[in-house]
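Pasting entry_37.cif here (mmCIF, C-alpha atoms and all ligand atoms):
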data_protein
#
loop_
_atom_site.label_atom_id
_atom_site.label_comp_id
_atom_site.auth_asym_id
_atom_site.auth_seq_id
_atom_site.Cartn_x
_atom_site.Cartn_y
_atom_site.Cartn_z
CA MET A 199 155.62 46.58 -66.93
CA THR A 200 155.08 44.56 -63.74
CA LEU A 201 151.53 43.80 -62.66
CA ALA A 202 150.66 44.60 -59.05
CA LEU A 203 147.70 42.20 -59.21
CA GLY A 204 146.61 39.40 -61.54
CA CYS A 205 143.11 37.94 -61.44
CA ILE A 206 141.52 34.86 -62.99
CA ALA A 207 137.74 35.16 -63.24
CA ASP A 208 135.53 32.12 -63.75
CA ASP A 209 133.03 33.99 -65.93
CA TYR A 210 132.90 37.11 -68.14
CA THR A 211 130.39 39.25 -66.28
CA GLY A 212 132.08 38.49 -62.96
CA ALA A 213 135.35 39.55 -64.57
CA SER A 214 133.84 42.88 -65.68
CA ASP A 215 132.42 43.46 -62.23
CA LEU A 216 135.85 42.87 -60.66
CA ALA A 217 137.66 44.99 -63.28
CA ASN A 218 135.21 47.80 -62.60
CA THR A 219 135.74 47.49 -58.82
CA LEU A 220 139.54 47.57 -59.18
CA THR A 221 139.29 50.61 -61.45
CA ARG A 222 137.06 52.41 -58.94
CA CYS A 223 139.79 51.76 -56.33
CA GLY A 224 142.30 53.51 -58.59
CA LEU A 225 144.04 50.54 -60.25
CA ARG A 226 144.51 50.83 -64.02
CA THR A 227 142.92 47.57 -65.09
CA VAL A 228 142.66 45.55 -68.29
CA GLN A 229 140.09 42.78 -68.67
CA THR A 230 141.10 40.18 -71.24
CA ILE A 231 138.76 37.82 -73.05
CA GLY A 232 140.30 34.40 -72.41
CA VAL A 233 144.01 33.83 -71.83
CA PRO A 234 145.82 36.41 -73.97
CA SER A 235 148.51 35.53 -76.46
CA ASP A 236 152.04 36.16 -75.21
CA ASP A 237 152.51 39.01 -77.66
CA LEU A 238 149.47 41.03 -76.51
CA GLU A 239 150.69 44.60 -76.05
CA LEU A 240 149.29 45.93 -72.79
CA PRO A 241 149.11 49.60 -71.92
CA GLU A 242 150.67 50.67 -68.61
CA VAL A 243 148.38 48.94 -66.06
CA ASP A 244 148.37 47.78 -62.44
CA ALA A 245 145.98 44.84 -62.76
CA VAL A 246 144.75 42.35 -65.34
CA VAL A 247 141.58 40.30 -65.02
CA VAL A 248 141.68 37.25 -67.31
CA SER A 249 138.08 36.27 -68.10
CA LEU A 250 137.43 32.55 -68.44
CA LYS A 251 134.20 30.60 -68.80
CA SER A 252 135.17 27.97 -66.26
CA ARG A 253 132.48 28.12 -63.59
CA SER A 254 130.37 25.21 -64.77
CA ILE A 255 132.70 23.15 -66.98
CA GLU A 256 134.38 19.91 -65.99
CA ALA A 257 136.75 20.48 -63.03
CA SER A 258 139.90 19.22 -64.78
CA GLN A 259 139.29 21.65 -67.65
CA ALA A 260 138.69 24.53 -65.24
CA VAL A 261 142.00 23.69 -63.57
CA ALA A 262 143.85 23.55 -66.91
CA LYS A 263 142.43 26.89 -68.09
CA SER A 264 143.08 28.57 -64.75
CA ARG A 265 146.66 27.30 -64.72
CA ALA A 266 147.22 28.68 -68.23
CA ALA A 267 145.87 32.05 -67.06
CA GLU A 268 148.06 31.91 -63.96
CA LYS A 269 151.15 31.19 -66.06
CA TRP A 270 150.44 34.22 -68.27
CA ILE A 271 149.82 36.45 -65.23
CA ARG A 272 152.96 35.34 -63.39
CA GLY A 273 154.89 35.91 -66.63
CA ARG A 274 153.82 39.57 -66.35
CA GLY A 275 155.37 39.81 -62.90
CA ALA A 276 152.30 39.62 -60.63
CA SER A 277 153.24 38.29 -57.22
CA HIS A 278 149.62 37.91 -56.14
CA VAL A 279 146.86 36.09 -58.05
CA LEU A 280 143.18 36.40 -57.09
CA PHE A 281 140.93 33.59 -58.29
CA LYS A 282 137.63 35.48 -58.78
CA ILE A 283 134.51 33.44 -58.06
CA CYS A 284 130.86 34.37 -57.79
CA SER A 285 129.82 36.23 -54.64
CA THR A 286 127.23 33.50 -54.06
CA PHE A 287 129.98 30.82 -54.19
CA ASP A 288 128.34 29.13 -57.22
CA SER A 289 129.81 25.62 -57.34
CA THR A 290 128.99 21.97 -56.70
CA ASP A 291 130.68 19.23 -54.66
CA ALA A 292 132.63 18.41 -57.85
CA GLY A 293 134.01 21.96 -58.09
CA ASN A 294 135.14 24.17 -59.50
CA ILE A 295 136.25 26.46 -56.68
CA GLY A 296 138.01 23.75 -54.66
CA PRO A 297 139.93 22.06 -57.49
CA VAL A 298 141.13 25.37 -58.96
CA MET A 299 142.12 26.68 -55.52
CA ASP A 300 144.02 23.44 -54.78
CA ALA A 301 145.92 23.71 -58.07
CA LEU A 302 146.81 27.40 -57.66
CA ARG A 303 147.85 26.81 -54.07
CA ALA A 304 150.07 23.90 -55.10
CA ASP A 305 151.68 26.05 -57.84
CA SER A 306 152.23 28.97 -55.47
CA GLY A 307 153.71 27.05 -52.55
CA ASP A 308 151.39 28.94 -50.15
CA ALA A 309 150.68 27.03 -46.92
CA ILE A 310 147.20 28.51 -46.60
CA VAL A 311 144.81 30.46 -48.84
CA LEU A 312 142.31 33.12 -47.69
CA VAL A 313 138.86 32.62 -49.20
CA THR A 314 135.87 34.97 -48.98
CA PRO A 315 133.00 35.75 -51.36
CA ALA A 316 131.86 38.64 -49.11
CA PHE A 317 130.98 41.96 -50.74
CA PRO A 318 128.91 43.97 -48.25
CA GLU A 319 127.98 46.73 -50.75
CA THR A 320 126.02 44.14 -52.73
CA GLY A 321 124.58 42.43 -49.64
CA ARG A 322 126.98 39.46 -49.53
CA THR A 323 128.33 38.98 -46.01
CA VAL A 324 130.00 36.04 -44.28
CA TYR A 325 129.62 35.39 -40.56
CA GLN A 326 130.91 32.28 -38.75
CA GLY A 327 131.63 30.92 -42.21
CA ASN A 328 127.98 31.26 -43.27
CA LEU A 329 127.25 33.24 -46.43
CA PHE A 330 124.27 35.60 -46.37
CA VAL A 331 122.57 37.01 -49.46
CA GLY A 332 120.97 40.12 -48.02
CA SER A 333 119.28 38.92 -44.85
CA ALA A 334 118.86 35.29 -45.99
CA PRO A 335 121.38 32.50 -45.48
CA LEU A 336 122.62 31.23 -48.86
CA ASN A 337 120.58 28.01 -48.63
CA GLU A 338 117.35 30.01 -48.15
CA SER A 339 118.15 32.53 -50.91
CA PRO A 340 117.07 32.16 -54.57
CA LEU A 341 120.44 30.41 -55.13
CA LYS A 342 118.93 27.24 -53.66
CA ASP A 343 117.12 26.85 -56.99
CA HIS A 344 119.97 27.81 -59.35
CA PRO A 345 119.73 25.65 -62.49
CA LEU A 346 123.44 24.75 -62.62
CA ASN A 347 124.77 25.26 -59.10
CA PRO A 348 121.97 24.94 -56.52
CA MET A 349 123.38 26.02 -53.14
CA HIS A 350 121.89 23.96 -50.30
CA ASP A 351 124.43 24.70 -47.57
CA SER A 352 125.30 28.20 -46.37
CA ASN A 353 128.33 27.04 -44.35
CA LEU A 354 131.25 27.67 -46.69
CA VAL A 355 133.74 25.81 -44.51
CA ARG A 356 131.73 22.65 -45.22
CA VAL A 357 130.98 23.58 -48.86
CA LEU A 358 134.65 24.17 -49.69
CA ALA A 359 135.85 21.12 -47.74
CA ARG A 360 133.59 18.88 -49.85
CA GLN A 361 135.22 20.05 -53.09
CA SER A 362 138.82 20.52 -51.97
CA ARG A 363 141.64 18.13 -51.12
CA THR A 364 142.82 20.30 -48.23
CA LYS A 365 141.32 20.78 -44.77
CA VAL A 366 139.34 24.03 -44.49
CA GLY A 367 139.29 26.32 -41.44
CA LEU A 368 137.71 29.63 -40.43
CA ALA A 369 139.05 33.11 -39.70
CA ASP A 370 136.01 34.40 -37.83
CA LEU A 371 134.89 37.98 -37.41
CA ALA A 372 136.39 38.21 -33.91
CA VAL A 373 139.84 37.56 -35.41
CA ILE A 374 139.33 39.73 -38.50
CA ALA A 375 138.13 42.65 -36.32
CA ARG A 376 141.44 42.55 -34.37
CA GLY A 377 143.32 43.50 -37.53
CA PRO A 378 145.99 42.10 -39.85
CA ASP A 379 148.49 40.92 -37.23
CA ALA A 380 145.88 38.91 -35.34
CA VAL A 381 144.78 37.33 -38.62
CA ARG A 382 148.38 36.47 -39.52
CA VAL A 383 148.88 34.69 -36.17
CA HIS A 384 145.58 32.83 -36.59
CA LEU A 385 146.45 31.70 -40.14
CA ALA A 386 149.84 30.45 -38.97
CA ASP A 387 148.06 28.39 -36.27
CA LEU A 388 145.66 26.93 -38.84
CA ALA A 389 148.49 26.15 -41.27
CA ALA A 390 150.43 24.42 -38.48
CA LYS A 391 147.44 22.09 -38.10
CA GLY A 392 147.62 21.20 -41.79
CA ILE A 393 144.70 23.41 -42.79
CA GLY A 394 145.28 24.75 -46.33
CA ALA A 395 142.35 27.16 -46.75
CA ALA A 396 140.51 29.56 -44.43
CA ILE A 397 137.08 31.00 -45.04
CA ALA A 398 137.31 34.61 -43.85
CA ASP A 399 134.29 36.30 -42.28
CA ALA A 400 133.55 39.83 -43.54
CA VAL A 401 130.57 41.98 -42.70
CA PHE A 402 131.95 45.48 -43.30
CA GLU A 403 134.28 46.96 -45.90
CA ARG A 404 136.95 47.41 -43.24
CA ASP A 405 136.97 43.60 -42.85
CA LEU A 406 137.77 43.31 -46.56
CA GLU A 407 140.62 45.79 -46.11
CA THR A 408 142.08 43.65 -43.32
CA ILE A 409 141.69 40.51 -45.43
CA GLY A 410 143.26 42.25 -48.45
CA THR A 411 146.24 43.40 -46.40
CA VAL A 412 146.92 39.88 -45.11
CA ALA A 413 146.20 38.23 -48.47
CA LEU A 414 149.02 40.25 -50.04
CA ASP A 415 151.50 38.32 -47.84
CA HIS A 416 150.42 35.25 -49.84
CA ARG A 417 150.66 34.40 -53.55
CA VAL A 418 147.03 33.33 -54.04
CA SER A 419 143.61 34.29 -52.70
CA VAL A 420 140.06 33.30 -53.62
CA GLY A 421 136.97 35.49 -53.56
CA ALA A 422 134.58 37.85 -55.29
CA SER A 423 134.88 41.54 -56.13
CA GLY A 424 134.85 42.35 -52.40
CA ILE A 425 138.27 40.81 -51.78
CA GLY A 426 139.36 42.57 -54.98
CA LEU A 427 138.42 45.84 -53.27
CA GLY A 428 140.39 44.80 -50.18
CA LEU A 429 143.46 43.84 -52.25
CA ALA A 430 143.32 47.04 -54.32
CA ARG A 431 143.06 49.25 -51.24
CA ALA A 432 145.91 47.35 -49.58
CA LEU A 433 148.09 47.74 -52.68
CA VAL A 434 147.46 51.49 -52.71
CA ALA A 435 147.89 51.86 -48.92
CA SER A 436 151.22 50.01 -49.02
CA GLY A 437 152.49 52.11 -51.94
CA ARG A 438 152.71 49.10 -54.25
CA ALA A 439 150.23 50.80 -56.60
CA LYS A 440 149.23 54.40 -57.10
CA ALA A 441 145.55 55.42 -56.95
CA ASN A 442 144.70 56.78 -60.39
CA LYS A 443 141.62 58.80 -61.25
CA THR A 444 139.44 56.71 -63.55
CA THR A 445 139.27 59.60 -66.02
CA ASP A 446 143.06 59.38 -66.37
CA VAL A 447 142.81 55.87 -67.79
CA SER A 448 140.36 56.83 -70.50
CA GLY A 449 143.25 58.20 -72.55
CA LYS A 450 143.18 60.38 -75.60
CA PRO A 451 140.02 60.76 -77.70
CA VAL A 452 139.45 58.11 -80.33
CA GLY A 453 137.14 60.09 -82.63
CA GLY A 454 135.51 58.29 -85.54
CA ALA A 455 131.84 57.58 -86.03
CA ALA A 456 129.59 56.48 -83.16
CA ALA A 457 126.82 53.87 -83.13
CA CYS A 458 124.60 52.03 -80.66
CA LEU A 459 123.21 48.49 -80.97
CA ALA A 460 120.42 47.14 -78.79
CA GLY A 461 119.63 43.41 -78.61
CA SER A 462 118.31 43.47 -75.07
CA CYS A 463 114.55 43.36 -74.68
CA SER A 464 114.60 44.38 -71.01
CA GLN A 465 112.23 47.06 -69.71
CA ALA A 466 115.15 49.40 -69.08
CA THR A 467 116.52 49.00 -72.61
CA LEU A 468 113.10 49.48 -74.23
CA GLN A 469 112.76 52.74 -72.31
CA GLN A 470 116.31 53.81 -73.23
CA ILE A 471 115.60 53.20 -76.94
CA ALA A 472 112.43 55.29 -76.72
CA LYS A 473 114.44 58.13 -75.15
CA ALA A 474 117.21 57.81 -77.73
CA GLU A 475 114.68 58.51 -80.48
CA GLN A 476 114.71 62.14 -79.35
CA ALA A 477 118.51 62.33 -79.68
CA MET A 478 119.55 60.28 -82.73
CA PRO A 479 118.18 58.38 -85.75
CA VAL A 480 116.87 54.96 -84.64
CA LEU A 481 116.30 51.94 -86.88
CA ARG A 482 114.13 49.17 -85.54
CA LEU A 483 114.97 45.85 -87.19
CA ASP A 484 112.16 43.55 -88.21
CA PRO A 485 113.00 40.44 -86.12
CA GLU A 486 111.03 38.18 -88.48
CA GLN A 487 113.17 39.38 -91.39
CA VAL A 488 116.34 38.93 -89.32
CA VAL A 489 115.51 35.28 -88.73
CA ALA A 490 114.62 34.88 -92.42
CA GLY A 491 118.06 35.83 -93.80
CA LYS A 492 120.78 38.43 -94.34
CA ASN A 493 118.75 41.09 -96.22
CA GLU A 494 117.72 42.83 -93.02
CA THR A 495 121.35 43.16 -91.97
CA GLN A 496 122.22 44.74 -95.31
CA ARG A 497 119.25 47.11 -95.03
CA ALA A 498 120.49 48.18 -91.58
CA LEU A 499 124.03 48.77 -92.82
CA ASP A 500 122.86 50.80 -95.83
CA TRP A 501 120.64 52.85 -93.52
CA ALA A 502 123.57 53.42 -91.12
CA LYS A 503 126.11 54.35 -93.81
CA ALA A 504 123.82 57.10 -95.08
CA ARG A 505 123.73 58.67 -91.60
CA LEU A 506 127.02 57.96 -89.76
CA ALA A 507 128.80 61.08 -90.97
CA LYS A 508 126.12 63.30 -89.40
CA GLY A 509 126.21 61.83 -85.86
CA PRO A 510 125.47 58.78 -83.73
CA ILE A 511 122.80 56.25 -84.72
CA LEU A 512 120.99 53.40 -82.96
CA ILE A 513 119.95 50.04 -84.42
CA ALA A 514 117.65 47.91 -82.25
CA SER A 515 116.18 44.43 -82.56
CA SER A 516 114.48 44.84 -79.21
CA SER A 517 110.74 44.25 -78.94
CA THR A 518 108.12 43.98 -76.23
CA PRO A 519 107.67 40.74 -74.24
CA ASP A 520 104.57 39.78 -76.30
CA GLN A 521 106.39 40.20 -79.60
CA VAL A 522 109.43 38.31 -78.28
CA ALA A 523 107.19 35.45 -77.13
CA ALA A 524 105.47 35.33 -80.55
CA LEU A 525 108.78 35.19 -82.44
CA GLN A 526 110.07 32.49 -80.09
CA ALA A 527 106.89 30.47 -80.53
CA ARG A 528 107.38 30.54 -84.32
CA HIS A 529 111.11 29.76 -84.41
CA GLY A 530 112.13 28.40 -80.99
CA ARG A 531 113.79 30.51 -78.32
CA ASP A 532 117.39 29.53 -79.00
CA ALA A 533 117.13 29.75 -82.78
CA ALA A 534 115.51 33.19 -82.66
CA GLY A 535 118.00 34.51 -80.10
CA HIS A 536 120.98 33.09 -81.95
CA ALA A 537 119.86 34.48 -85.33
CA ILE A 538 119.46 37.96 -83.86
CA GLU A 539 122.80 37.79 -82.04
CA GLU A 540 124.51 36.78 -85.31
CA ALA A 541 122.80 39.65 -87.13
CA MET A 542 123.96 42.10 -84.45
CA ALA A 543 127.52 40.75 -84.80
CA ASP A 544 127.29 41.14 -88.61
CA ILE A 545 126.02 44.70 -88.21
CA ALA A 546 128.77 45.57 -85.69
CA GLU A 547 131.40 44.22 -88.07
CA GLY A 548 129.93 46.22 -90.97
CA LEU A 549 129.73 49.37 -88.87
CA VAL A 550 133.38 49.09 -87.84
CA LYS A 551 134.35 48.58 -91.50
CA SER A 552 132.45 51.81 -92.21
CA GLY A 553 134.51 53.75 -89.68
CA VAL A 554 132.64 53.33 -86.40
CA ARG A 555 135.14 53.57 -83.55
CA ARG A 556 132.74 54.24 -80.67
CA LEU A 557 130.21 51.49 -80.10
CA VAL A 558 127.57 51.10 -77.39
CA VAL A 559 125.93 47.67 -77.08
CA ALA A 560 122.89 46.85 -74.93
CA GLY A 561 122.41 43.22 -73.92
CA GLY A 562 124.73 40.73 -72.24
CA GLU A 563 124.56 37.96 -74.85
CA THR A 564 124.44 40.54 -77.61
CA SER A 565 127.64 42.14 -76.27
CA GLY A 566 129.36 38.75 -76.14
CA ALA A 567 128.47 38.05 -79.76
CA VAL A 568 129.69 41.49 -80.87
CA VAL A 569 132.97 41.37 -78.95
CA ASP A 570 133.73 37.86 -80.21
CA ARG A 571 133.07 38.92 -83.81
CA LEU A 572 135.22 42.04 -83.55
CA GLY A 573 138.05 39.85 -82.22
CA ILE A 574 138.82 42.18 -79.33
CA PRO A 575 141.28 40.43 -76.97
CA GLY A 576 140.84 42.82 -74.04
CA PHE A 577 139.69 46.15 -72.62
CA LEU A 578 141.17 48.89 -70.52
CA VAL A 579 138.45 49.83 -68.05
CA GLY A 580 137.59 53.54 -67.87
CA PRO A 581 135.09 55.75 -66.04
CA GLU A 582 131.61 54.51 -65.14
CA ILE A 583 128.70 55.63 -67.33
CA ALA A 584 126.16 54.12 -64.94
CA ALA A 585 126.60 51.80 -61.96
CA GLY A 586 128.48 48.73 -63.20
CA VAL A 587 128.88 49.96 -66.80
CA PRO A 588 132.28 51.47 -67.55
CA VAL A 589 133.69 52.92 -70.77
CA LEU A 590 136.02 50.32 -72.29
CA ARG A 591 139.02 51.00 -74.51
CA ALA A 592 139.87 48.05 -76.76
CA VAL A 593 143.35 46.61 -76.25
CA GLY A 594 145.12 44.80 -79.07
CA ALA A 595 142.08 44.98 -81.38
CA ARG A 596 142.69 44.27 -85.06
CA ASP A 597 140.67 47.37 -86.04
CA GLY A 598 142.83 49.70 -83.93
CA GLU A 599 141.70 52.21 -81.31
CA MET A 600 138.07 51.77 -80.25
CA LEU A 601 135.85 52.71 -77.33
CA LEU A 602 132.99 50.44 -76.27
CA ALA A 603 130.26 50.35 -73.66
CA LEU A 604 128.71 46.94 -72.98
CA LYS A 605 125.55 47.06 -70.92
CA SER A 606 123.60 44.12 -69.62
CA GLY A 607 119.85 44.51 -69.97
CA ASN A 608 118.60 46.25 -66.89
CA PHE A 609 121.53 48.58 -66.30
CA GLY A 610 121.63 52.33 -66.85
CA GLY A 611 119.23 55.23 -66.59
CA PRO A 612 116.67 56.34 -69.21
CA GLU A 613 119.26 58.44 -71.12
CA PHE A 614 121.85 55.66 -71.15
CA PHE A 615 122.79 55.84 -74.83
CA SER A 616 123.40 59.60 -74.75
CA ASP A 617 125.11 59.33 -71.35
CA ALA A 618 127.48 56.73 -72.76
CA LEU A 619 128.35 58.70 -75.88
CA LYS A 620 129.11 61.82 -73.81
CA LEU A 621 131.92 59.91 -72.07
CA MET A 622 133.18 58.24 -75.27
CA GLU A 623 135.07 60.86 -77.25
P1 LIG A 701 119.87 41.07 -71.62
O1 LIG A 701 121.16 41.59 -71.10
O2 LIG A 701 118.73 42.05 -71.51
O3 LIG A 701 119.52 39.70 -71.09
P2 LIG A 701 120.82 39.74 -73.97
O4 LIG A 701 121.50 40.32 -75.15
O5 LIG A 701 121.68 38.97 -72.99
O6 LIG A 701 120.06 40.91 -73.21
O7 LIG A 701 119.66 38.75 -74.40
C1 LIG A 701 118.65 39.14 -75.28
C2 LIG A 701 118.37 37.97 -76.20
O8 LIG A 701 117.17 38.24 -76.90
C3 LIG A 701 119.47 37.76 -77.22
O9 LIG A 701 119.63 36.39 -77.47
C4 LIG A 701 118.86 38.45 -78.46
O10 LIG A 701 119.40 37.95 -79.67
C5 LIG A 701 117.40 38.11 -78.30
N1 LIG A 701 116.51 39.07 -78.98
C6 LIG A 701 116.79 40.33 -79.33
N2 LIG A 701 115.73 40.89 -79.93
C7 LIG A 701 114.76 39.95 -79.97
C8 LIG A 701 113.42 39.92 -80.47
N3 LIG A 701 112.88 40.98 -81.04
N4 LIG A 701 112.73 38.77 -80.33
C9 LIG A 701 113.28 37.69 -79.74
N5 LIG A 701 114.51 37.66 -79.25
C10 LIG A 701 115.27 38.77 -79.36
#

Entire entry expressed as structure tokens:
Amino acid sequence: MTLALGCIADDYTGASDLANTLTRCGLRTVQTIGVPSDDLELPEVDAVVVSLKSRSIEASQAVAKSRAAEKWIRGRGASHVLFKICSTFDSTDAGNIGPVMDALRADSGDAIVLVTPAFPETGRTVYQGNLFVGSAPLNESPLKDHPLNPMHDSNLVRVLARQSRTKVGLADLAVIARGPDAVRVHLADLAAKGIGAAIADAVFERDLETIGTVALDHRVSVGASGIGLGLARALVASGRAKANKTTDVSGKPVGGAAACLAGSCSQATLQQIAKAEQAMPVLRLDPEQVVAGKNETQRALDWAKARLAKGPILIASSSTPDQVAALQARHGRDAAGHAIEEAMADIAEGLVKSGVRRLVVAGGETSGAVVDRLGIPGFLVGPEIAAGVPVLRAVGARDGEMLLALKSGNFGGPEFFSDALKLME
């Protein structure tokens, strides 16, 4: 199998977002957790998104991890690699976008790299090199106060130049609007001046399509899910990939028992749990007991085992903001959160041992803890249950065929748990 597109994402949720976007464009896409082992058996796919946690680590480490991912991707035949960054260009003058881009560009031999975090459908646009978050320039948006990567300059030509070894230029909207050939000529001019990276303006989806078409002439590009959309559409338009229906990638039914776990305490999840009570047995964990030891986990597993054969079940640690605050005051926020995440991972492991093959998890951190514990190296991305939440088919998992849905707190409608299970057969 030869990959049409390989992607390296600098964080997990950004990777899922990109994988979901590529799937919506018709590419059969696997998201891996970290750099996969060489013997990972992939299903027939067009794209792989390797998820790293490299956004806020030391630049040299981000470069090393990204290069390892690139090596794996190139080994699977991908001629183009997208380095997926945050659509708000989260970074500092020390990196890591510039250093990783420099390294990938050096490896690829490309004279110039196209860079754009634009994704108009989520309100990220770039004009004259300035990134807008909705109607606000980046440096006036909430990102100015980000705890790790405060963004004080909306001009990405300057931002990238400060963290890169190459000179940075601009492909402005006037050039992008004239189409791929005009952009190619402009990039050649920039490259002839020794400029190694060009921030590309994009305000509409058609701009991303132009950028994607031109980026495919190169071996590397840098951007958010928006450029992923442009690349995917260009691959399909040029016949280098076929547009698949997302339902086609969901494959044959997996069967087995079904269970839901909720560790998110968001408003949406609390409402979804209340709704689920009308559709399936629900066990509410006692968070105080969870922090106290393993008995609560065992109680949950015994409760589940007695019911799994009859239909789906839901186990929730979630409580209201007041109760969460009280538990945190008694035990500390991190200790309480960590203890509950561990308990959820224990319960997930026990459920899978008891035959659960369809698992829905609510909560971003909770999902991370569960996936790590189950040792799942990657997912084939299937149809969307709700905006941004696809059905996932485990790839290379030690427990065999499994379907998962991983939902971060506020996602999904009131019937999310039932909606998910309907699509997970
Ligand atoms: P979300 O996606 O809504 O942010 P997460 O799973 O990322 O959900 O985060 C929820 C955090 O709250 C996790 O660390 C989880 O262990 C913790 N948690 C879950 N239930 C409770 C509770 N009852 N009290 C305190 N913390 C809890």

Using all atoms listed in the file, which of A:Ala534, A:Leu499, A:Ala435, A:Ala584 sits nearest Val554 (chain A)?
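Smallest distance to Val554 (chain A) is found for A:Leu499.
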
Residues near Leu590 (chain A), cut-off 10 Å, only C-alpha atoms, skip fewer than 4 positions along chain, as a ChimeraX atom specification:
/A:228-229,447-448,556-558,576-582,600-604,622

If you count all atoms listed in the file, which residues end up within 6 Å of ligand LIG 701 (chain A), as a list of chain:residue names?
A:Gly461, A:Ser462, A:Cys463, A:Ser464, A:Pro485, A:Ser515, A:Ser516, A:Ser517, A:Val522, A:Leu525, A:Ala534, A:Gly535, A:His536, A:Ile538, A:Glu539, A:Gly561, A:Gly562, A:Glu563, A:Thr564, A:Ser606, A:Gly607

Just C-alpha atoms for this one: save the residues we selected as a CSV table (one decimal), in the coordinates of the input.
chain,number,residue,atom,x,y,z
A,461,GLY,CA,119.6,43.4,-78.6
A,462,SER,CA,118.3,43.5,-75.1
A,463,CYS,CA,114.6,43.4,-74.7
A,464,SER,CA,114.6,44.4,-71.0
A,485,PRO,CA,113.0,40.4,-86.1
A,515,SER,CA,116.2,44.4,-82.6
A,516,SER,CA,114.5,44.8,-79.2
A,517,SER,CA,110.7,44.2,-78.9
A,522,VAL,CA,109.4,38.3,-78.3
A,525,LEU,CA,108.8,35.2,-82.4
A,534,ALA,CA,115.5,33.2,-82.7
A,535,GLY,CA,118.0,34.5,-80.1
A,536,HIS,CA,121.0,33.1,-82.0
A,538,ILE,CA,119.5,38.0,-83.9
A,539,GLU,CA,122.8,37.8,-82.0
A,561,GLY,CA,122.4,43.2,-73.9
A,562,GLY,CA,124.7,40.7,-72.2
A,563,GLU,CA,124.6,38.0,-74.8
A,564,THR,CA,124.4,40.5,-77.6
A,606,SER,CA,123.6,44.1,-69.6
A,607,GLY,CA,119.8,44.5,-70.0

State, in Å with one decimal place, the distance from CA of Ala389 (chain A) to CA of Ala266 (chain A).
27.1 Å

Using Å and a single decimal, report how far CA of Ile231 (chain A) sits from CA of Gly204 (chain A).
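These two atoms are separated by 14.0 Å.
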
Nearest residue to Arg356 (chain A) out of A:Glu475, A:Glu540, A:Asp291, A:Glu256, using only C-alpha atoms?
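Among the listed residues, A:Asp291 lies closest to Arg356 (chain A).
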